[in-house]
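Reviewing the structure listed below.
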Amino acid sequence: MEMERINENTIRVVIGNDDLSARGITVLDLLGNHQQIERFFYSILEEVDVDHQFQDNDAVTFQVLPNRHGLELFISKNVGDEGDGTDDFDAASAGFSGAVDFGDNASTDQISDFLKQQLQGKDSEDDDDRKTTISSEATDDNDPEALKNYTSDPNVPTREVVLRLNDFEDLVSIAKVLHLDGAVSNLYKYRDQYYLDLVFFTDQTTPETIKDDVAVALEYANKTTITSDVLSEHGEKIMETSALELARHYFG
């Protein structure tokens with residue numbers, strides 16, 4: 001973890017994936033876990049603010065910028081209203097594109113939603129590594145909304161395989177070796193366990209390919225009796241349609 005003093009009132013903290021792992025969490029663990037988000041932000045603050053100049057301030061602003069290597073966290077004291085001529089720091093204006101402000105008025109729902117959007121690639125990038133390959137005739141050149149509609153169409157023949165992951169790193173390992181064609185992948189979290197839902201389009205692949213793909217995934221995952229219906233109804237969907245591509249793009 002690296003710490004840089006931007007100015008008198010702002011600290012920039014670069015938190016790598018290794019740093020997150022050392023704390024027993026990943027970026028994905030912050031999704032939907034409101035208490036963990038708050039504890040995480042303030043634990044970083046306590047670690048870097050050795051002089052207690054920020055912790056003693058009643059109005060501290062956190063600005064976060066997720067990336068494939070981890071997170072950049074900007075911690076600022078809100079002093080702009082004190083008339084000392086110092087403006088509140090804005091990471092986006094300072095050239096850190098994509099940073100979003102989470103101050104006292106921002107809920108942890110916003111933080112979770114923002115992190116999820118970043119991981120799902122809803123920024124301005126158009127990276128082929130984050131796309132799932134499906135017939136362009138069926139999905140209008142892999143348009144995200146068209147792909148979502150296609151995968152939810154009950155008339156599209158599919159075969160689903162749900163696998164249980166021991167931890168998030170299993171997903172990353174699978175993503176490095178398994179490149180799906182004619183299938184999509186969803187990541188769920190259910191009862192503190194990650195599950196990978198593979199949806200194969202049987203009109204765009206073969207039984208042999210499905211068997212081979214599942215065999216590759218089973219090198220890092222386990223069979224389970226949990227169904228996709230259970231996950232859809234009771235679990236939390238972390239990544240939709242392109243879980244393997246996203247994991248490969250951001251963590252591979």
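Lettering and numbering for the structure tokens are positional, with chains as A, B, ... in the shown order, residues counted from 1 in each chain, and ligands counted from 1 in the shown order.
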ask   = Near region 200-212 of chain A, counting only C-alpha atoms, which residues have an atom at most 6 Å away, once you skip same-chain residues fewer than 5 positions from it, shown as a PyMOL selection string?
value = chain A and resi 157-159+182-183
query = From the list A:Ile6, A:Ala243, A:Ile75, A:Leu165, which residue is nearest Asp192 (chain A) when using only C-alpha atoms?
reply =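 Answer, going by the shortest atom-to-atom distance: A:Leu165.
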query = Between CA of Thr225 (chain A) and CA of Asp181 (chain A), what is the distance, to one decimal in Å?
reply =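 Rounded to one decimal, the two atoms are 25.0 Å apart.
From CA of Leu163 (chain A) back to CA of Tyr195 (chain A), the distance works out to 5.6 Å.
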message = Considering only C-alpha atoms, can you say which of A:Phe251, A:Phe62, A:Phe40, A:Phe54 comes closest to Lys176 (chain A)?
response =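 Of A:Phe251, A:Phe62, A:Phe40, A:Phe54, the one nearest Lys176 (chain A), counting only C-alpha atoms, is A:Phe251.
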Nearest residue to Val48 (chain A) from the set A:Arg12, A:Lys77, A:Lys237, A:Arg248 (distances using only C-alpha atoms) =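 Closest to Val48 (chain A) of all the choices is A:Arg12.
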message = With distances taken over only C-alpha atoms, which residue among A:Ser242, A:Asn166, A:Gln55, A:Asn9 lies nearest Thr224 (chain A)?
response =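 Result for the nearest residue to Thr224 (chain A): A:Asn166.
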request  = Counting only C-alpha atoms, figure out which residue out of A:Asp153, A:Asp197, A:Asp49, A:Glu38 gets nearest to Ala221 (chain A).
outcome  =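 Closest to Ala221 (chain A), using only C-alpha atoms: A:Asp197.
Take the candidates A:Asp167, A:Leu45, A:Ser232, A:Tyr250 and check each one against Asn67 (chain A) using only C-alpha atoms; the shortest distance goes to A:Tyr250.
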message = So that I can see what lies close to Glu236 (chain A), please list as a list of chain:residue names the residues with an atom at most 8 Å from it, counting only C-alpha atoms and leaving out residues fewer than 3 positions away in the same chain.
response =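 What passes the distance filter is A:Tyr188, A:Lys189, A:Tyr190, A:Leu231, A:Ser232.
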Gap from CA of Val216 (chain A) to CA of Val230 (chain A) - Å, one decimal =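 Straight-line distance from CA of Val216 (chain A) to CA of Val230 (chain A) works out to 24.1 Å.
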